[in-house]
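Student: Next up, coords25.cif (mmCIF, C-alpha atoms and all ligand atoms).
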```
data_target
loop_
_atom_site.label_atom_id
_atom_site.label_comp_id
_atom_site.auth_asym_id
_atom_site.auth_seq_id
_atom_site.Cartn_x
_atom_site.Cartn_y
_atom_site.Cartn_z
CA MET A 1 101.37 94.99 119.76
CA ARG A 2 102.50 94.19 116.28
CA ARG A 3 102.39 90.53 115.34
CA PRO A 4 105.27 89.02 113.42
CA ILE A 5 104.55 88.99 109.70
CA SER A 6 105.33 85.30 109.54
CA SER A 7 102.31 84.34 111.67
CA LEU A 8 99.73 86.32 109.77
CA ILE A 9 97.12 84.36 107.85
CA VAL A 10 95.63 86.53 105.21
CA THR A 11 92.42 84.65 104.64
CA ASN A 12 90.98 86.08 107.86
CA MET A 13 89.07 89.06 106.44
CA ALA A 14 87.40 90.00 109.71
CA GLU A 15 90.73 90.33 111.44
CA THR A 16 92.30 92.51 108.78
CA GLY A 17 89.12 94.55 108.19
CA SER A 18 89.46 94.05 104.47
CA ILE A 19 86.99 93.64 101.65
CA SER A 20 87.27 90.28 99.94
CA GLY A 21 88.60 90.44 96.40
CA THR A 22 89.80 94.03 96.74
CA ILE A 23 93.35 95.14 96.02
CA VAL A 24 95.20 98.46 95.97
CA VAL A 25 98.10 98.78 93.52
CA LEU A 26 101.01 101.18 94.11
CA VAL A 27 103.12 102.37 91.16
CA SER A 28 105.93 104.79 90.35
CA GLY A 29 106.36 104.50 86.61
CA CYS A 30 104.86 103.38 83.34
CA GLY A 31 102.69 100.73 84.94
CA THR A 32 102.71 97.86 82.48
CA ASN A 33 102.35 95.43 85.40
CA LEU A 34 99.38 97.47 86.59
CA GLN A 35 97.93 97.34 83.07
CA ALA A 36 98.19 93.56 83.06
CA LEU A 37 96.22 93.48 86.31
CA ILE A 38 93.63 95.95 84.97
CA ASP A 39 93.19 93.79 81.87
CA ALA A 40 92.81 90.64 83.96
CA THR A 41 90.11 92.19 86.15
CA ALA A 42 87.88 92.63 83.10
CA ASP A 43 87.05 88.94 83.49
CA PRO A 44 84.76 88.46 86.52
CA ALA A 45 86.18 84.96 86.93
CA TYR A 46 89.51 86.53 87.85
CA GLY A 47 87.87 87.52 91.15
CA VAL A 48 89.89 90.69 91.79
CA ARG A 49 88.77 94.32 91.94
CA ILE A 50 91.35 97.13 91.89
CA ALA A 51 89.84 99.60 94.38
CA ALA A 52 92.51 102.26 93.86
CA VAL A 53 95.94 102.95 92.40
CA GLY A 54 98.38 105.02 94.44
CA ALA A 55 101.71 106.56 93.50
CA ASP A 56 104.61 108.38 95.11
CA ARG A 57 104.75 110.85 92.21
CA ASP A 58 102.37 112.58 89.82
CA ASN A 59 102.31 112.71 86.02
CA ILE A 60 103.21 109.09 85.42
CA GLU A 61 101.73 106.71 82.91
CA GLY A 62 100.78 104.31 85.69
CA LEU A 63 98.27 106.84 87.07
CA ALA A 64 97.03 107.64 83.57
CA ARG A 65 96.36 103.94 82.97
CA ALA A 66 94.30 103.80 86.16
CA ARG A 67 92.31 106.91 85.28
CA ARG A 68 91.56 105.61 81.79
CA ALA A 69 90.19 102.47 83.43
CA GLY A 70 88.02 104.53 85.79
CA ILE A 71 89.97 103.47 88.88
CA PRO A 72 90.34 106.01 91.72
CA THR A 73 93.90 107.28 92.19
CA PHE A 74 95.88 109.04 94.89
CA VAL A 75 99.38 110.51 95.10
CA CYS A 76 101.48 110.52 98.26
CA ARG A 77 104.83 112.29 97.71
CA VAL A 78 107.66 112.03 100.21
CA ALA A 79 108.57 115.68 99.53
CA ASP A 80 105.21 116.83 100.88
CA PHE A 81 105.93 115.51 104.40
CA ALA A 82 108.28 116.67 107.15
CA THR A 83 109.58 113.16 107.76
CA ARG A 84 109.70 109.85 105.98
CA GLU A 85 107.65 108.40 108.86
CA ASP A 86 104.90 110.97 108.28
CA TRP A 87 104.85 110.02 104.59
CA ASP A 88 104.67 106.34 105.42
CA ALA A 89 101.80 106.83 107.88
CA ARG A 90 99.85 108.87 105.33
CA LEU A 91 100.45 106.29 102.61
CA ALA A 92 99.17 103.59 104.97
CA SER A 93 96.01 105.55 105.78
CA GLN A 94 95.33 106.27 102.10
CA VAL A 95 95.63 102.58 101.27
CA ALA A 96 93.59 101.57 104.35
CA ALA A 97 90.67 103.73 103.18
CA TYR A 98 90.04 101.13 100.46
CA GLN A 99 90.20 98.15 102.86
CA PRO A 100 92.25 95.99 100.50
CA GLN A 101 92.64 92.29 100.99
CA LEU A 102 96.03 92.55 99.28
CA VAL A 103 98.34 95.46 98.42
CA VAL A 104 100.37 95.06 95.23
CA LEU A 105 103.56 97.06 94.70
CA ALA A 106 103.94 97.06 90.91
CA GLY A 107 107.06 99.04 90.11
CA PHE A 108 106.65 101.13 93.28
CA MET A 109 110.09 102.62 93.89
CA LYS A 110 109.84 103.43 97.61
CA LEU A 111 110.43 101.26 100.65
CA THR A 112 107.43 101.11 102.93
CA GLY A 113 108.05 101.71 106.63
CA GLU A 114 106.81 100.65 110.04
CA ALA A 115 103.39 102.31 109.91
CA PHE A 116 102.64 100.75 106.56
CA LEU A 117 103.91 97.30 107.50
CA SER A 118 102.08 97.32 110.84
CA GLN A 119 98.83 97.48 108.84
CA PHE A 120 99.73 95.67 105.65
CA GLY A 121 102.68 93.46 106.54
CA GLY A 122 102.01 89.91 105.44
CA ARG A 123 99.53 91.03 102.80
CA THR A 124 101.66 93.27 100.60
CA VAL A 125 103.45 91.76 97.62
CA ASN A 126 106.13 93.23 95.41
CA THR A 127 107.63 92.14 92.14
CA HIS A 128 111.35 92.32 91.44
CA PRO A 129 113.14 91.83 88.09
CA ALA A 130 115.74 89.31 89.31
CA LEU A 131 115.82 85.88 90.89
CA SER A 132 116.02 86.58 94.63
CA PRO A 133 118.16 86.43 96.64
CA SER A 134 120.42 87.55 93.77
CA PHE A 135 120.59 91.18 92.69
CA PRO A 136 118.26 93.07 95.07
CA GLY A 137 117.64 96.78 94.54
CA ILE A 138 116.66 98.92 91.61
CA HIS A 139 119.26 97.72 89.08
CA GLY A 140 118.43 94.01 88.97
CA PRO A 141 118.81 93.46 85.19
CA GLN A 142 122.04 95.49 84.97
CA ALA A 143 123.48 93.72 88.02
CA ALA A 144 122.68 90.34 86.46
CA LEU A 145 124.46 91.35 83.24
CA ASP A 146 127.46 92.72 85.13
CA TYR A 147 127.78 89.49 87.09
CA GLY A 148 127.60 87.45 83.90
CA VAL A 149 124.78 85.11 84.90
CA LYS A 150 123.25 83.06 82.09
CA VAL A 151 119.80 82.89 83.69
CA THR A 152 117.98 85.59 85.63
CA GLY A 153 114.26 86.28 86.00
CA CYS A 154 111.69 87.76 88.32
CA THR A 155 110.45 87.21 91.83
CA LEU A 156 107.10 87.89 93.48
CA PHE A 157 107.51 88.18 97.24
CA VAL A 158 105.71 89.22 100.40
CA VAL A 159 107.15 92.55 101.52
CA ASP A 160 109.15 92.65 104.73
CA ARG A 161 111.48 95.27 106.18
CA GLY A 162 114.36 94.53 103.81
CA VAL A 163 115.09 95.39 100.19
CA ASP A 164 113.60 92.58 98.08
CA THR A 165 114.17 90.09 100.91
CA GLY A 166 110.65 88.92 101.77
CA PRO A 167 109.23 85.38 101.58
CA ILE A 168 109.00 84.25 97.97
CA VAL A 169 105.60 83.63 96.37
CA ALA A 170 106.77 82.77 92.84
CA GLN A 171 109.73 83.02 90.50
CA ARG A 172 110.20 82.74 86.75
CA ALA A 173 113.49 82.21 84.91
CA VAL A 174 114.60 84.18 81.85
CA ASP A 175 117.67 83.38 79.73
CA VAL A 176 120.36 86.04 79.37
CA TYR A 177 121.62 86.47 75.80
CA ASP A 178 125.21 87.27 74.85
CA ASP A 179 124.23 90.53 73.18
CA ASP A 180 121.75 91.66 75.86
CA THR A 181 121.57 95.18 77.19
CA ALA A 182 119.95 95.92 80.53
CA GLU A 183 116.99 97.45 78.69
CA LEU A 184 116.45 94.46 76.39
CA LEU A 185 116.83 92.01 79.25
CA HIS A 186 114.47 93.99 81.49
CA GLU A 187 111.81 94.10 78.78
CA ARG A 188 112.03 90.30 78.34
CA ILE A 189 111.83 89.84 82.10
CA LYS A 190 108.80 92.13 82.27
CA THR A 191 106.91 90.03 79.73
CA VAL A 192 107.25 87.03 82.04
CA GLU A 193 106.84 89.13 85.19
CA ARG A 194 103.41 90.44 84.13
CA GLN A 195 102.09 86.92 83.57
CA MET A 196 103.48 85.77 86.91
CA LEU A 197 101.98 88.76 88.72
CA VAL A 198 98.52 88.31 87.23
CA ASP A 199 98.54 84.58 87.86
CA TYR A 200 99.64 84.75 91.50
CA VAL A 201 97.74 87.86 92.59
CA GLY A 202 94.59 86.15 91.31
CA ARG A 203 95.36 82.96 93.16
CA MET A 204 96.27 84.73 96.39
CA VAL A 205 93.10 86.81 96.37
CA ARG A 206 90.73 84.03 95.33
CA ASN A 207 92.16 81.29 97.52
CA GLY A 208 93.87 83.16 100.37
CA PHE A 209 97.37 82.37 101.51
CA SER A 210 99.51 82.05 104.58
CA VAL A 211 103.08 83.00 105.37
CA SER A 212 105.05 80.90 107.82
CA GLU A 213 108.67 81.91 108.30
CA ARG A 214 109.88 82.03 104.68
CA LYS A 215 107.25 79.73 103.26
CA VAL A 216 104.27 81.15 101.38
CA THR A 217 101.40 78.72 100.86
CA ILE A 218 98.44 79.53 98.65
CA SER A 219 95.35 77.75 99.94
C1 LIG B 1 109.18 95.97 86.95
O1 LIG B 1 110.17 95.23 86.28
C2 LIG B 1 109.31 95.81 88.43
O2 LIG B 1 109.73 94.57 88.83
C3 LIG B 1 110.36 96.84 88.74
O3 LIG B 1 110.04 97.93 87.94
C4 LIG B 1 109.37 97.46 86.77
C5 LIG B 1 108.06 98.19 86.69
O4 LIG B 1 107.54 98.13 85.39
N1 LIG B 1 110.41 97.15 90.14
P1 LIG B 1 106.10 98.75 85.06
O5 LIG B 1 106.07 100.16 85.62
O6 LIG B 1 105.07 97.88 85.68
O7 LIG B 1 106.05 98.74 83.57
#
```
Let me see the structure of the file written as structure tokens.
Tutor:
Amino acid sequence: MRRPISSLIVTNMAETGSISGTIVVLVSGCGTNLQALIDATADPAYGVRIAAVGADRDNIEGLARARRAGIPTFVCRVADFATREDWDARLASQVAAYQPQLVVLAGFMKLTGEAFLSQFGGRTVNTHPALSPSFPGIHGPQAALDYGVKVTGCTLFVVDRGVDTGPIVAQRAVDVYDDDTAELLHERIKTVERQMLVDYVGRMVRNGFSVSERKVTIS
């Protein structure tokens, strides 16, 4: 039976069958967040090894970045499966092959499903370019501009079944300028987002963490 995500304590490697210090990163686009993680792993003190990078599409810069760094890659495309559930199950098994302690969605533009969350729920994080719970979904910077907020930012959260709704690990604020466009604002958010991601993924992997209801505590 599946345990509720909120009770899972990630530091228990034996229970999750994972390899300490190992992460898998999933991407869909240019992968600057991935690159920040790759760069950070060059320092052994960071304590994180990227075992593989997966994507839901081919021919993206995110995969090229991984290959240039000598990291194994895999592609799992929804279109190659009869059902979304089949795709989700295959994605889960491809990630599981690397026994990650933590799965990092870094600009991964698909929602994971039941099969994936039954294996990796509670130890999958995602980064979102808005201050949750405001502006979920794929147009966070544009939605913030349209609403007229003066401050937005980015959120690192533990993935649950919703769209950008999971328990919050960290947030960073970014000022909105009067002459901003969604592109300019998103680029400024991403500068902060990359630092946040590197900082907190490192801490979560090195120290372990727990999730209780909506509270994420890094040990
Ligand atoms: C990030 O802003 C992420 O929050 C969003 O998509 C962007 C990915 O950027 N979901 P990159 O591919 O890491 O450069």
Student: List as a list of chain:residue names the protein and nucleic acid residues near Ala130 (chain A), meaning an atom at most 7 Å away when only C-alpha atoms are counted, but skip any in the same chain fewer than 2 places from it.
Tutor: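 In the requested format, the answer is A:His128, A:Ser132, A:Ser134, A:Phe135, A:Gly140, A:Pro141, A:Thr152, A:Gly153, A:Cys154, A:Thr155.
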Student: Please check which protein, DNA or RNA residues sit within 9 Å of ligand LIG 1 (chain B), counting only C-alpha atoms and all ligand atoms, and write them as a PDB file with C-alpha atoms, in the frame of the given file.
Tutor:
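Writing the result to pocket-v3.pdb gives the following:
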```
ATOM      1  CA  VAL A  27     103.120 102.370  91.160  1.00  0.00           C
ATOM      2  CA  SER A  28     105.930 104.790  90.350  1.00  0.00           C
ATOM      3  CA  GLY A  29     106.360 104.500  86.610  1.00  0.00           C
ATOM      4  CA  CYS A  30     104.860 103.380  83.340  1.00  0.00           C
ATOM      5  CA  GLY A  31     102.690 100.730  84.940  1.00  0.00           C
ATOM      6  CA  THR A  32     102.710  97.860  82.480  1.00  0.00           C
ATOM      7  CA  ASN A  33     102.350  95.430  85.400  1.00  0.00           C
ATOM      8  CA  LEU A  34      99.380  97.470  86.590  1.00  0.00           C
ATOM      9  CA  GLN A  35      97.930  97.340  83.070  1.00  0.00           C
ATOM     10  CA  ALA A  36      98.190  93.560  83.060  1.00  0.00           C
ATOM     11  CA  GLU A  61     101.730 106.710  82.910  1.00  0.00           C
ATOM     12  CA  GLY A  62     100.780 104.310  85.690  1.00  0.00           C
ATOM     13  CA  LEU A 105     103.560  97.060  94.700  1.00  0.00           C
ATOM     14  CA  ALA A 106     103.940  97.060  90.910  1.00  0.00           C
ATOM     15  CA  GLY A 107     107.060  99.040  90.110  1.00  0.00           C
ATOM     16  CA  PHE A 108     106.650 101.130  93.280  1.00  0.00           C
ATOM     17  CA  MET A 109     110.090 102.620  93.890  1.00  0.00           C
ATOM     18  CA  ASN A 126     106.130  93.230  95.410  1.00  0.00           C
ATOM     19  CA  THR A 127     107.630  92.140  92.140  1.00  0.00           C
ATOM     20  CA  HIS A 128     111.350  92.320  91.440  1.00  0.00           C
ATOM     21  CA  PRO A 129     113.140  91.830  88.090  1.00  0.00           C
ATOM     22  CA  ALA A 130     115.740  89.310  89.310  1.00  0.00           C
ATOM     23  CA  GLY A 137     117.640  96.780  94.540  1.00  0.00           C
ATOM     24  CA  ILE A 138     116.660  98.920  91.610  1.00  0.00           C
ATOM     25  CA  HIS A 139     119.260  97.720  89.080  1.00  0.00           C
ATOM     26  CA  GLY A 140     118.430  94.010  88.970  1.00  0.00           C
ATOM     27  CA  PRO A 141     118.810  93.460  85.190  1.00  0.00           C
ATOM     28  CA  CYS A 154     111.690  87.760  88.320  1.00  0.00           C
ATOM     29  CA  THR A 155     110.450  87.210  91.830  1.00  0.00           C
ATOM     30  CA  LEU A 156     107.100  87.890  93.480  1.00  0.00           C
ATOM     31  CA  HIS A 186     114.470  93.990  81.490  1.00  0.00           C
ATOM     32  CA  GLU A 187     111.810  94.100  78.780  1.00  0.00           C
ATOM     33  CA  ILE A 189     111.830  89.840  82.100  1.00  0.00           C
ATOM     34  CA  LYS A 190     108.800  92.130  82.270  1.00  0.00           C
ATOM     35  CA  THR A 191     106.910  90.030  79.730  1.00  0.00           C
ATOM     36  CA  GLU A 193     106.840  89.130  85.190  1.00  0.00           C
ATOM     37  CA  ARG A 194     103.410  90.440  84.130  1.00  0.00           C
TER      38      ARG A 194
END
```
Student: Pick the closest to Leu184 (chain A) from A:Gly121, A:Leu197, A:Leu145, A:Ala55: which is it, counting only C-alpha atoms?
Tutor: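 That would be A:Leu145, the residue with the smallest distance to Leu184 (chain A).
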Student: Nearest residue to Tyr177 (chain A) out of A:Asp160, A:Lys150, A:Asp56, A:Arg65, using all atoms listed in the file?
Tutor: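 Nearest to Tyr177 (chain A): A:Lys150.
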Student: Under the rule of at most 10 Å, produce a per-residue listing of region 25-92 of chain A near region 16-21 of chain A: chain, number, name, the closest pair of atoms, and the distance in Å, as JSON lines, using all atoms listed in the file.
Tutor:
```
{"residue": "A:Tyr46", "atom": "CA", "partner": "A:Gly21", "partner_atom": "CA", "distance": 9.4}
{"residue": "A:Gly47", "atom": "CA", "partner": "A:Gly21", "partner_atom": "CA", "distance": 6.1}
{"residue": "A:Val48", "atom": "CA", "partner": "A:Gly21", "partner_atom": "CA", "distance": 4.8}
{"residue": "A:Arg49", "atom": "CA", "partner": "A:Gly21", "partner_atom": "CA", "distance": 5.9}
{"residue": "A:Ile50", "atom": "CA", "partner": "A:Gly21", "partner_atom": "CA", "distance": 8.5}
{"residue": "A:Ala51", "atom": "CA", "partner": "A:Gly21", "partner_atom": "CA", "distance": 9.5}
```
Student: Could you please determine the separation between CA of Ala52 (chain A) and CA of Pro136 (chain A) in Å, to one decimal place?
Tutor: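 Calculated distance between CA of Ala52 (chain A) and CA of Pro136 (chain A) is 27.4 Å.
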Student: Which residue, A:Val205, A:Val95, A:Ala66, A:Val174, has the smallest gap to Val192 (chain A) when you use only C-alpha atoms?
Tutor: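 That would be A:Val174, the residue with the smallest distance to Val192 (chain A).
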Student: Interatomic distance between CA of Asp199 (chain A) and CA of Ala40 (chain A)?
Tutor: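 Taking CA of Asp199 (chain A) as the start and CA of Ala40 (chain A) as the end point, the length is 9.2 Å.
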Student: Report the distance between CA of Gly162 (chain A) and CA of Ser118 (chain A) in Å, rounded to one decimal place.
Tutor: 14.4 Å
Student: Env of Arg68 (chain A): 12 Å cut, atoms = all atoms listed in the file, seq-sep filter 4 positions within chain, self excluded. Answer as JSON, numbers by chain.
Tutor: {"A": [35, 38, 39, 53, 61, 62, 63, 64, 72, 73]}
Student: Check the smallest atom-to-atom distance from each of A:Phe120, A:Gly148, A:Glu114, A:Thr22 to Asp179 (chain A) using only C-alpha atoms, then report the winner.
Tutor: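 Nearest to Asp179 (chain A): A:Gly148.
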